[in-house]
Every structure is written in structure tokens, then in C-alpha cells.
file coords_6.cif (mmCIF, C-alpha atoms and all ligand atoms)
data_protein
loop_
_atom_site.group_PDB
_atom_site.id
_atom_site.type_symbol
_atom_site.label_atom_id
_atom_site.label_comp_id
_atom_site.auth_asym_id
_atom_site.auth_seq_id
_atom_site.Cartn_x
_atom_site.Cartn_y
_atom_site.Cartn_z
ATOM 1 C CA GLY A 155 -23.451 14.022 -8.156
ATOM 2 C CA ALA A 156 -23.596 16.498 -5.229
ATOM 3 C CA GLY A 157 -21.897 19.336 -7.105
ATOM 4 C CA ARG A 158 -18.733 17.382 -7.801
ATOM 5 C CA ARG A 159 -17.198 18.314 -11.141
ATOM 6 C CA PHE A 160 -17.562 15.455 -13.625
ATOM 7 C CA PHE A 161 -14.218 13.923 -14.564
ATOM 8 C CA VAL A 162 -13.294 11.761 -17.550
ATOM 9 C CA GLY A 163 -9.849 10.210 -17.881
ATOM 10 C CA GLY A 164 -8.520 8.450 -20.955
ATOM 11 C CA ASN A 165 -5.977 5.714 -20.284
ATOM 12 C CA PHE A 166 -4.223 4.901 -23.555
ATOM 13 C CA LYS A 167 -2.247 2.122 -21.812
ATOM 14 C CA SER A 168 0.742 0.990 -23.917
ATOM 15 C CA ASN A 169 -1.019 1.879 -27.170
ATOM 16 C CA GLY A 170 -0.316 4.297 -29.978
ATOM 17 C CA THR A 171 2.297 5.650 -32.350
ATOM 18 C CA VAL A 172 3.359 9.277 -32.811
ATOM 19 C CA GLU A 173 0.948 9.438 -35.724
ATOM 20 C CA GLN A 174 -1.978 7.915 -33.805
ATOM 21 C CA ILE A 175 -1.430 10.085 -30.727
ATOM 22 C CA LYS A 176 -1.402 13.184 -32.957
ATOM 23 C CA ASN A 177 -4.637 12.051 -34.605
ATOM 24 C CA ILE A 178 -6.433 11.419 -31.306
ATOM 25 C CA ILE A 179 -5.344 14.841 -30.044
ATOM 26 C CA GLU A 180 -6.473 16.530 -33.243
ATOM 27 C CA THR A 181 -9.895 14.893 -32.903
ATOM 28 C CA LEU A 182 -10.161 16.081 -29.288
ATOM 29 C CA ASN A 183 -8.974 19.580 -30.161
ATOM 30 C CA LYS A 184 -11.715 19.926 -32.775
ATOM 31 C CA ALA A 185 -14.468 18.491 -30.599
ATOM 32 C CA THR A 186 -17.182 20.428 -28.844
ATOM 33 C CA LEU A 187 -16.952 19.257 -25.261
ATOM 34 C CA LYS A 188 -19.550 19.775 -22.584
ATOM 35 C CA GLU A 189 -18.516 22.618 -20.347
ATOM 36 C CA ASN A 190 -17.363 21.940 -16.852
ATOM 37 C CA VAL A 191 -16.191 18.378 -17.470
ATOM 38 C CA GLU A 192 -12.614 17.853 -16.371
ATOM 39 C CA VAL A 193 -10.810 15.815 -19.042
ATOM 40 C CA VAL A 194 -7.401 14.181 -18.665
ATOM 41 C CA ILE A 195 -5.600 11.964 -21.177
ATOM 42 C CA ALA A 196 -2.863 9.501 -20.258
ATOM 43 C CA PRO A 197 -0.662 8.517 -23.192
ATOM 44 C CA PRO A 198 2.414 6.302 -22.757
ATOM 45 C CA ALA A 199 5.323 8.146 -21.088
ATOM 46 C CA LEU A 200 7.191 8.508 -24.380
ATOM 47 C CA TYR A 201 4.404 10.717 -25.763
ATOM 48 C CA LEU A 202 3.643 12.839 -22.695
ATOM 49 C CA LEU A 203 5.499 15.952 -23.853
ATOM 50 C CA LEU A 204 4.135 15.680 -27.367
ATOM 51 C CA ALA A 205 0.629 15.450 -25.933
ATOM 52 C CA ARG A 206 1.249 18.357 -23.573
ATOM 53 C CA GLU A 207 2.380 20.521 -26.488
ATOM 54 C CA LEU A 208 -0.448 19.648 -28.851
ATOM 55 C CA ILE A 209 -3.502 19.219 -26.640
ATOM 56 C CA ARG A 210 -5.963 22.073 -26.093
ATOM 57 C CA PRO A 211 -5.305 23.878 -22.796
ATOM 58 C CA ASP A 212 -8.544 22.753 -21.141
ATOM 59 C CA ILE A 213 -7.474 19.098 -21.319
ATOM 60 C CA LYS A 214 -4.743 17.959 -18.945
ATOM 61 C CA VAL A 215 -2.196 15.191 -19.370
ATOM 62 C CA ALA A 216 -1.473 12.287 -17.016
ATOM 63 C CA ALA A 217 1.339 9.782 -16.764
ATOM 64 C CA GLN A 218 0.381 6.152 -16.216
ATOM 65 C CA ASN A 219 2.943 5.531 -13.503
ATOM 66 C CA ILE A 220 5.829 6.991 -11.505
ATOM 67 C CA PHE A 221 8.445 5.642 -9.126
ATOM 68 C CA ASP A 222 8.202 6.661 -5.470
ATOM 69 C CA LYS A 223 11.846 7.762 -5.353
ATOM 70 C CA GLY A 224 14.212 9.910 -7.366
ATOM 71 C CA PRO A 225 15.316 11.792 -9.353
ATOM 72 C CA GLY A 226 18.426 9.661 -9.006
ATOM 73 C CA ALA A 227 19.949 6.298 -9.750
ATOM 74 C CA TYR A 228 16.742 4.431 -10.685
ATOM 75 C CA THR A 229 17.327 3.351 -14.254
ATOM 76 C CA GLY A 230 14.194 3.263 -16.344
ATOM 77 C CA GLU A 231 12.021 5.139 -13.868
ATOM 78 C CA ILE A 232 10.414 8.577 -13.881
ATOM 79 C CA ALA A 233 10.206 10.652 -10.692
ATOM 80 C CA ALA A 234 7.169 12.675 -9.670
ATOM 81 C CA GLN A 235 9.218 15.880 -9.679
ATOM 82 C CA GLN A 236 10.249 15.256 -13.274
ATOM 83 C CA LEU A 237 6.635 14.995 -14.384
ATOM 84 C CA LYS A 238 5.856 18.206 -12.568
ATOM 85 C CA ASP A 239 8.869 19.883 -14.189
ATOM 86 C CA ALA A 240 7.651 18.791 -17.633
ATOM 87 C CA GLY A 241 4.217 20.337 -17.084
ATOM 88 C CA ILE A 242 2.399 17.064 -16.532
ATOM 89 C CA ASP A 243 -0.262 17.576 -13.871
ATOM 90 C CA TRP A 244 -1.653 14.118 -13.248
ATOM 91 C CA VAL A 245 -0.625 10.513 -12.750
ATOM 92 C CA ILE A 246 -2.639 7.285 -12.738
ATOM 93 C CA LEU A 247 -1.553 5.045 -9.866
ATOM 94 C CA GLY A 248 -2.539 1.547 -8.765
ATOM 95 C CA HIS A 249 -4.020 0.487 -12.087
ATOM 96 C CA SER A 250 -4.958 -3.199 -11.921
ATOM 97 C CA GLU A 251 -2.573 -3.992 -14.774
ATOM 98 C CA ARG A 252 0.299 -2.622 -12.683
ATOM 99 C CA ARG A 253 -0.904 -4.454 -9.599
ATOM 100 C CA SER A 254 -1.320 -7.795 -11.383
ATOM 101 C CA ILE A 255 1.358 -7.782 -14.116
ATOM 102 C CA PHE A 256 4.050 -5.905 -12.172
ATOM 103 C CA GLY A 257 3.155 -7.102 -8.685
ATOM 104 C CA GLU A 258 2.586 -3.661 -7.192
ATOM 105 C CA SER A 259 1.475 -3.920 -3.567
ATOM 106 C CA ASP A 260 -1.033 -1.674 -1.820
ATOM 107 C CA GLN A 261 1.890 -0.182 0.129
ATOM 108 C CA PHE A 262 3.920 0.563 -2.991
ATOM 109 C CA VAL A 263 0.919 2.232 -4.626
ATOM 110 C CA ALA A 264 0.403 4.254 -1.437
ATOM 111 C CA SER A 265 4.047 5.304 -1.337
ATOM 112 C CA LYS A 266 3.868 6.433 -4.970
ATOM 113 C CA THR A 267 0.657 8.329 -4.255
ATOM 114 C CA LYS A 268 2.366 10.189 -1.432
ATOM 115 C CA ALA A 269 5.389 10.968 -3.623
ATOM 116 C CA ALA A 270 3.129 12.287 -6.389
ATOM 117 C CA LEU A 271 1.105 14.517 -4.077
ATOM 118 C CA ASP A 272 4.265 15.797 -2.352
ATOM 119 C CA ALA A 273 5.583 16.818 -5.789
ATOM 120 C CA GLY A 274 2.379 18.739 -6.525
ATOM 121 C CA LEU A 275 0.790 16.239 -8.899
ATOM 122 C CA SER A 276 -2.821 15.128 -8.792
ATOM 123 C CA VAL A 277 -3.526 11.405 -8.680
ATOM 124 C CA ILE A 278 -6.084 9.116 -10.290
ATOM 125 C CA LEU A 279 -5.970 6.340 -7.701
ATOM 126 C CA CYS A 280 -7.313 3.016 -8.952
ATOM 127 C CA CYS A 281 -8.848 0.231 -6.926
ATOM 128 C CA GLY A 282 -10.985 -2.766 -7.741
ATOM 129 C CA GLU A 283 -11.714 -6.407 -7.018
ATOM 130 C CA SER A 284 -11.119 -9.521 -9.098
ATOM 131 C CA LEU A 285 -14.001 -11.734 -10.224
ATOM 132 C CA GLU A 286 -13.078 -14.282 -7.547
ATOM 133 C CA GLU A 287 -13.157 -11.579 -4.869
ATOM 134 C CA ARG A 288 -16.556 -10.309 -6.058
ATOM 135 C CA GLU A 289 -17.965 -13.842 -6.023
ATOM 136 C CA LYS A 290 -16.662 -14.305 -2.475
ATOM 137 C CA GLY A 291 -18.535 -11.132 -1.482
ATOM 138 C CA ILE A 292 -15.397 -9.270 -0.374
ATOM 139 C CA THR A 293 -15.471 -6.375 -2.867
ATOM 140 C CA THR A 294 -15.755 -3.700 -0.177
ATOM 141 C CA GLN A 295 -12.979 -5.230 1.928
ATOM 142 C CA VAL A 296 -10.663 -5.368 -1.086
ATOM 143 C CA VAL A 297 -11.183 -1.786 -2.272
ATOM 144 C CA THR A 298 -11.057 -0.310 1.232
ATOM 145 C CA ARG A 299 -7.859 -2.274 1.919
ATOM 146 C CA GLN A 300 -6.309 -0.859 -1.275
ATOM 147 C CA LEU A 301 -7.440 2.691 -0.470
ATOM 148 C CA GLY A 302 -6.648 2.220 3.217
ATOM 149 C CA ALA A 303 -2.946 1.824 2.466
ATOM 150 C CA VAL A 304 -3.089 5.322 0.963
ATOM 151 C CA ALA A 305 -5.077 6.740 3.887
ATOM 152 C CA ASP A 306 -2.301 5.460 6.192
ATOM 153 C CA LEU A 307 0.147 7.832 4.457
ATOM 154 C CA VAL A 308 -2.035 10.650 3.128
ATOM 155 C CA GLN A 309 -4.508 12.728 5.151
ATOM 156 C CA ASP A 310 -5.351 15.336 2.499
ATOM 157 C CA TRP A 311 -7.268 13.765 -0.395
ATOM 158 C CA THR A 312 -7.985 17.090 -2.173
ATOM 159 C CA ASN A 313 -5.790 16.135 -5.135
ATOM 160 C CA ILE A 314 -6.891 12.513 -5.374
ATOM 161 C CA VAL A 315 -9.591 11.206 -7.688
ATOM 162 C CA VAL A 316 -10.565 7.600 -6.953
ATOM 163 C CA ALA A 317 -11.195 5.243 -9.871
ATOM 164 C CA TYR A 318 -13.210 2.146 -9.025
ATOM 165 C CA GLU A 319 -12.318 -0.408 -11.673
ATOM 166 C CA PRO A 320 -13.544 -3.955 -11.148
ATOM 167 C CA VAL A 321 -10.780 -6.082 -12.660
ATOM 168 C CA TRP A 322 -13.298 -8.377 -14.349
ATOM 169 C CA ALA A 323 -14.696 -5.395 -16.267
ATOM 170 C CA ILE A 324 -11.411 -3.963 -17.578
ATOM 171 C CA GLY A 325 -10.904 -4.577 -21.267
ATOM 172 C CA THR A 326 -13.380 -7.463 -21.185
ATOM 173 C CA GLY A 327 -16.495 -5.839 -22.608
ATOM 174 C CA LYS A 328 -18.230 -6.819 -19.329
ATOM 175 C CA VAL A 329 -19.344 -3.539 -17.818
ATOM 176 C CA ALA A 330 -20.541 -3.481 -14.204
ATOM 177 C CA THR A 331 -24.271 -2.909 -13.928
ATOM 178 C CA THR A 332 -25.298 0.576 -12.857
ATOM 179 C CA GLU A 333 -26.404 -0.975 -9.540
ATOM 180 C CA GLN A 334 -23.049 -2.699 -8.993
ATOM 181 C CA ALA A 335 -21.166 0.512 -9.741
ATOM 182 C CA GLN A 336 -23.387 2.725 -7.596
ATOM 183 C CA GLU A 337 -23.291 0.241 -4.692
ATOM 184 C CA THR A 338 -19.499 0.063 -4.572
ATOM 185 C CA HIS A 339 -19.100 3.814 -5.117
ATOM 186 C CA ALA A 340 -21.422 4.420 -2.159
ATOM 187 C CA GLU A 341 -19.358 1.994 -0.049
ATOM 188 C CA ILE A 342 -16.173 3.837 -0.996
ATOM 189 C CA ARG A 343 -17.765 7.171 -0.071
ATOM 190 C CA LYS A 344 -18.891 5.763 3.280
ATOM 191 C CA TRP A 345 -15.368 4.510 3.875
ATOM 192 C CA LEU A 346 -13.891 7.920 2.947
ATOM 193 C CA GLU A 347 -16.095 9.568 5.556
ATOM 194 C CA ALA A 348 -14.864 7.263 8.318
ATOM 195 C CA ALA A 349 -11.231 6.751 7.264
ATOM 196 C CA VAL A 350 -10.319 10.131 5.771
ATOM 197 C CA SER A 351 -12.856 12.847 6.610
ATOM 198 C CA PRO A 352 -16.487 13.848 6.065
ATOM 199 C CA GLU A 353 -15.189 16.577 3.747
ATOM 200 C CA ALA A 354 -13.245 14.063 1.644
ATOM 201 C CA ALA A 355 -16.390 11.919 1.397
ATOM 202 C CA VAL A 356 -18.401 14.834 0.010
ATOM 203 C CA LYS A 357 -15.731 16.256 -2.295
ATOM 204 C CA THR A 358 -13.764 13.303 -3.687
ATOM 205 C CA ARG A 359 -14.689 12.303 -7.225
ATOM 206 C CA ILE A 360 -15.200 8.551 -7.621
ATOM 207 C CA LEU A 361 -14.870 7.406 -11.229
ATOM 208 C CA TYR A 362 -16.073 4.146 -12.674
ATOM 209 C CA GLY A 363 -13.790 2.250 -15.027
ATOM 210 C CA GLY A 364 -14.223 -0.995 -16.913
ATOM 211 C CA SER A 365 -15.517 -1.334 -20.470
ATOM 212 C CA VAL A 366 -17.121 2.115 -20.506
ATOM 213 C CA THR A 367 -18.411 2.999 -23.966
ATOM 214 C CA GLU A 368 -20.597 5.703 -25.470
ATOM 215 C CA LYS A 369 -23.446 3.192 -25.190
ATOM 216 C CA ASN A 370 -23.347 2.611 -21.426
ATOM 217 C CA SER A 371 -21.852 5.874 -20.148
ATOM 218 C CA ALA A 372 -25.016 7.979 -19.884
ATOM 219 C CA GLU A 373 -26.800 5.465 -17.667
ATOM 220 C CA LEU A 374 -23.772 5.046 -15.392
ATOM 221 C CA ALA A 375 -23.260 8.819 -15.236
ATOM 222 C CA LYS A 376 -26.736 9.260 -13.746
ATOM 223 C CA GLN A 377 -25.838 7.333 -10.594
ATOM 224 C CA PRO A 378 -25.500 9.692 -7.636
ATOM 225 C CA ASP A 379 -22.041 8.461 -6.599
ATOM 226 C CA VAL A 380 -20.581 8.071 -10.095
ATOM 227 C CA ASP A 381 -18.604 11.271 -10.733
ATOM 228 C CA GLY A 382 -17.027 10.325 -14.027
ATOM 229 C CA PHE A 383 -15.075 7.617 -15.812
ATOM 230 C CA LEU A 384 -11.658 6.201 -16.391
ATOM 231 C CA VAL A 385 -11.773 4.930 -19.953
ATOM 232 C CA GLY A 386 -9.295 2.522 -21.530
ATOM 233 C CA GLY A 387 -10.052 1.110 -24.971
ATOM 234 C CA ALA A 388 -12.692 3.663 -25.935
ATOM 235 C CA SER A 389 -10.386 6.589 -25.117
ATOM 236 C CA LEU A 390 -8.465 5.853 -28.318
ATOM 237 C CA LYS A 391 -11.588 6.332 -30.438
ATOM 238 C CA PRO A 392 -13.841 9.272 -31.342
ATOM 239 C CA ALA A 393 -16.384 7.632 -28.979
ATOM 240 C CA PHE A 394 -14.345 9.180 -26.150
ATOM 241 C CA ILE A 395 -15.961 12.513 -27.032
ATOM 242 C CA ASP A 396 -19.449 11.042 -26.631
ATOM 243 C CA ILE A 397 -18.405 9.574 -23.278
ATOM 244 C CA ILE A 398 -17.181 13.000 -22.119
ATOM 245 C CA ASN A 399 -20.430 14.550 -23.306
ATOM 246 C CA SER A 400 -22.527 11.968 -21.472
ATOM 247 C CA ALA A 401 -21.850 13.882 -18.264
ATOM 248 C CA PRO A 402 -25.213 14.675 -16.651
HETATM 249 C C1 LIG A 501 -8.661 1.050 -17.877
HETATM 250 O O1 LIG A 501 -7.647 0.672 -18.436
HETATM 251 O O2 LIG A 501 -8.575 1.798 -16.903
HETATM 252 C C2 LIG A 501 -9.968 0.608 -18.382
HETATM 253 C C3 LIG A 501 -11.044 0.880 -17.706
HETATM 254 O O3 LIG A 501 -9.973 -0.086 -19.592
HETATM 255 P P1 LIG A 501 -11.261 -0.413 -20.539
HETATM 256 O O4 LIG A 501 -12.081 0.843 -20.607
HETATM 257 O O5 LIG A 501 -10.658 -0.790 -21.852
HETATM 258 O O6 LIG A 501 -12.014 -1.527 -19.875
#

call {"tool": "encode", "arguments": {"input": "coords_6.cif", "output": "C-alpha cells"}}
result
Amino acid sequence: GAGRRFFVGGNFKSNGTVEQIKNIIETLNKATLKENVEVVIAPPALYLLLARELIRPDIKVAAQNIFDKGPGAYTGEIAAQQLKDAGIDWVILGHSERRSIFGESDQFVASKTKAALDAGLSVILCCGESLEEREKGITTQVVTRQLGAVADLVQDWTNIVVAYEPVWAIGTGKVATTEQAQETHAEIRKWLEAAVSPEAAVKTRILYGGSVTEKNSAELAKQPDVDGFLVGGASLKPAFIDIINSAP
């Protein structure tokens, strides 16, 4: 809504083979995509350069993680500067799978966000509550705490896109209702106005993520504070094209 450019990200997670990644890219390259939708795909790190080489120039490529330090002696990690050097423009940070499986704290996610922005990358910054937290009625506190750690380190949110992903909706087939999504997106926007700036509140894209499919995307996309999607499972399928084209 409000003149913000619609944004659709595809998070492949740890899925795919060389063959499958090539096929997905070929399908995207052949597709007719609605104009003025910003599309970013995030294959596993191993396939980033392959994707960058093969994907049409109007689709950008994102990593799914970085380390907040380096280049240097950090075995197994990739530094923000290295992504930038390799022509990768985006990185997903704070995904709930990284927070829960790898124990990433709000502060660590914030530190990585700062490192990414300092290196000239753009960031898809994820936040979201667990089912227990939603049932306790603390959804807003949780997401503003997660985003607040970033606001403590970063004043300029121009190159941040926020992805609201309720943990209970990720990969579960349980999509948030349009009302639940809109309500939390509006809370995040209100928080941005107070904690970052009125300009950030107006300009920052807030994506919804969690079991988005071609069947529910159009209805969600109509909500005034839903500015796009972060798509997991469905981003590996031709349905991803229909999701992109469900932009209002
Ligand atoms: C995600 O991984 O960011 C996600 C939203 O996954 P899914 O669409 O599969 O629920």
C-alpha cells in the first residue's frame, strides 16, 4: 500500500540441487511477471553465484545468512563484503529457523544487519512470534523487541525490508488470517514511526511470510500494510510466479 513497491522474496532454505536450481531459474526467466514488483530469490549459499549468472537481470539474489565479522579467520562463514564482491545484493537475516535452530539472539541478528548494511547490502529482516507468544497476547512485544535490537544499532532503514513471519505459520500450512497479518503489520508500522522515524514508517516495506501460496496471496496482498511476501515452500514451485503476479 501507500505507493510502496511490492516485494516478493523466495527463500529456498536448504533445498535444491544444481539441476533443480537451474530449472527454477529457467521457469522464472520465461515467466511474464507483473511490472514494478521487486523479486528476490534466496538459494543456498553454494548456488548463489550460479543463480546470479543465470537469473534474469530484473530479479535479484539474496543470501540466507552472513556472519557479522570477517573476511578473516571465521571458518565456515561468509562475510557481508564477500557477498557484495560476488554481486549478491541482498541477505535474509533473523529467519526464525536461524533463531530457533541455531540460537541466534536479537543482538546477533542486529549486529549482522548492521554489518550487511555497512557493506552495502540490502536486508530482509525477519521477525515473528511463536504460537505460545501469540496465545499469551504478546505478539507486538515480541516483534518490536526483535526489531528494536536492530533500531538500537541502525538509524537508516532505507535498505531494510521487514518480513513478519509468525513462527506457527512457517512451513505448517497454517497461514495467518488477513486480519492477523494486517493487524501486526500495522503495529510494526506504528512502532517504526516511534522508534525509527515517520519516514521509515511510510517507506519501509513490510512483507508477510508463513505458508503463502497462490491461493491465499491475492487476499493478503490487498491489506493496506502488506507490501509483499517472503515465500518458503512455494518459491520452489511454478506457483511462485502466481504469487508474484498477485501484487495489487
Ligand atoms: C519462510 O521460510 O520464510 C517461509 C515463510 O516458509 P513457508 O512459505 O514455507 O511457510

call {"tool": "resolve_selection", "arguments": {"input": "coords_6.cif", "expression": "the PyMOL selection byres (((chain A and resi 322) around 6) and not hetatm)", "output": "number ranges by chain"}}
result
A: 284-285, 320-321, 323-324

call {"tool": "closest_atom_pairs", "arguments": {"input": "coords_6.cif", "of": "chain A", "to": "ligand LIG 501 (chain A)", "cutoff": "8 Å", "atoms": "only C-alpha atoms and all ligand atoms", "output": "Markdown table"}}
result
| residue | atom | partner | partner_atom | distance |
| --- | --- | --- | --- | --- |
| A:Gly164 | CA | A:LIG501 | O2 | 7.8 |
| A:Asn165 | CA | A:LIG501 | O1 | 5.6 |
| A:Phe166 | CA | A:LIG501 | O1 | 7.5 |
| A:Lys167 | CA | A:LIG501 | O1 | 6.5 |
| A:His249 | CA | A:LIG501 | O2 | 6.8 |
| A:Ser250 | CA | A:LIG501 | O2 | 7.9 |
| A:Glu251 | CA | A:LIG501 | O1 | 7.8 |
| A:Glu319 | CA | A:LIG501 | C3 | 6.3 |
| A:Ala323 | CA | A:LIG501 | O6 | 5.9 |
| A:Ile324 | CA | A:LIG501 | O6 | 3.4 |
| A:Gly325 | CA | A:LIG501 | O6 | 3.5 |
| A:Thr326 | CA | A:LIG501 | O6 | 6.2 |
| A:Gly327 | CA | A:LIG501 | O6 | 6.8 |
| A:Val329 | CA | A:LIG501 | O6 | 7.9 |
| A:Tyr362 | CA | A:LIG501 | C3 | 7.8 |
| A:Gly363 | CA | A:LIG501 | C3 | 4.1 |
| A:Gly364 | CA | A:LIG501 | O6 | 3.7 |
| A:Ser365 | CA | A:LIG501 | O6 | 3.6 |
| A:Val366 | CA | A:LIG501 | O4 | 5.2 |
| A:Thr367 | CA | A:LIG501 | O4 | 7.5 |
| A:Leu384 | CA | A:LIG501 | O2 | 5.4 |
| A:Val385 | CA | A:LIG501 | O4 | 4.2 |
| A:Gly386 | CA | A:LIG501 | O3 | 3.3 |
| A:Gly387 | CA | A:LIG501 | O5 | 3.7 |
| A:Ala388 | CA | A:LIG501 | O4 | 6.1 |
| A:Ser389 | CA | A:LIG501 | O4 | 7.5 |

call {"tool": "atom_distance", "arguments": {"input": "coords_6.cif", "atom1": "atom CA of Val350 of chain A", "atom2": "atom CA of Gln309 of chain A"}}
result
6.4 Å

call {"tool": "resolve_selection", "arguments": {"input": "coords_6.cif", "expression": "the PyMOL selection byres (((chain A and resi 402) around 10) and not hetatm)", "output": "ChimeraX atom specification"}}
result
/A:155,160,188,191,372-377,381-382,398-401

call {"tool": "residues_around", "arguments": {"input": "coords_6.cif", "residues": "segment 252-263 of chain A", "least_positions_apart": "3", "cutoff": "9 Å", "atoms": "all atoms listed in the file", "output": "list in words"}}
result
Asn219, Asp222, Leu247, Gly248, His249, Lys266, Thr267, Lys268, Leu279, Arg299, Gln300, Leu301, Gly302, Ala303 and Val304 of chain A

call {"tool": "resolve_selection", "arguments": {"input": "coords_6.cif", "expression": "the PyMOL selection byres (((chain A and resi 215) around 9) and not hetatm)", "output": "PyMOL selection string"}}
result
chain A and resi 193-197+202-203+205-206+209+213-214+216-217+241-245

call {"tool": "residues_around", "arguments": {"input": "coords_6.cif", "residues": "Ala354 of chain A", "least_positions_apart": "3", "cutoff": "10 Å", "atoms": "only C-alpha atoms", "output": "VMD selection string"}}
result
chain A and resid 309 to 312 314 343 346 to 351 357 to 359

call {"tool": "atom_distance", "arguments": {"input": "coords_6.cif", "atom1": "atom CA of Leu307 of chain A", "atom2": "atom CA of Ala273 of chain A"}}
result
14.7 Å

call {"tool": "residues_around", "arguments": {"input": "coords_6.cif", "residues": "Ala269 of chain A", "least_positions_apart": "5", "cutoff": "9 Å", "atoms": "all atoms listed in the file", "output": "list in words"}}
result
Ile220, Phe221, Asp222, Lys223, Ala233, Ala234, Gln235, Ala264, Gly274 and Leu275 of chain A

call {"tool": "residues_around", "arguments": {"input": "coords_6.cif", "residues": "Lys184 of chain A", "least_positions_apart": "2", "cutoff": "12 Å", "atoms": "all atoms listed in the file", "output": "ChimeraX atom specification"}}
result
/A:177-182,186-187,208-210,392,395

call {"tool": "atom_distance", "arguments": {"input": "coords_6.cif", "atom1": "atom CA of Asp272 of chain A", "atom2": "atom CA of Ala227 of chain A"}}
result
19.8 Å

call {"tool": "closest_residue", "arguments": {"input": "coords_6.cif", "among": "A:Pro352, A:Pro378, A:Gly291, A:Gly163", "to": "Val315 of chain A", "atoms": "only C-alpha atoms"}}
result
A:Gly163

call {"tool": "closest_residue", "arguments": {"input": "coords_6.cif", "among": "A:Thr294, A:Gln336, A:Asn190, A:Gln218", "to": "Val162 of chain A", "atoms": "all atoms listed in the file"}}
result
A:Asn190

call {"tool": "decode", "arguments": {"input": "coords_6.cif", "residues": "segment 254-267 of chain A", "atoms": "C-alpha atoms", "output": "CSV table (one decimal), in the first residue's frame"}}
result
chain,number,residue,atom,x,y,z
A,254,SER,CA,15.4,-21.3,16.9
A,255,ILE,CA,17.7,-24.0,15.4
A,256,PHE,CA,20.9,-22.0,15.7
A,257,GLY,CA,20.1,-19.9,18.8
A,258,GLU,CA,20.6,-16.6,17.1
A,259,SER,CA,19.8,-13.8,19.6
A,260,ASP,CA,18.1,-10.5,18.7
A,261,GLN,CA,21.5,-8.8,19.3
A,262,PHE,CA,23.4,-11.1,17.0
A,263,VAL,CA,20.7,-10.6,14.3
A,264,ALA,CA,21.1,-6.8,14.8
A,265,SER,CA,24.8,-7.0,14.6
A,266,LYS,CA,24.6,-8.9,11.3
A,267,THR,CA,22.1,-6.4,10.0
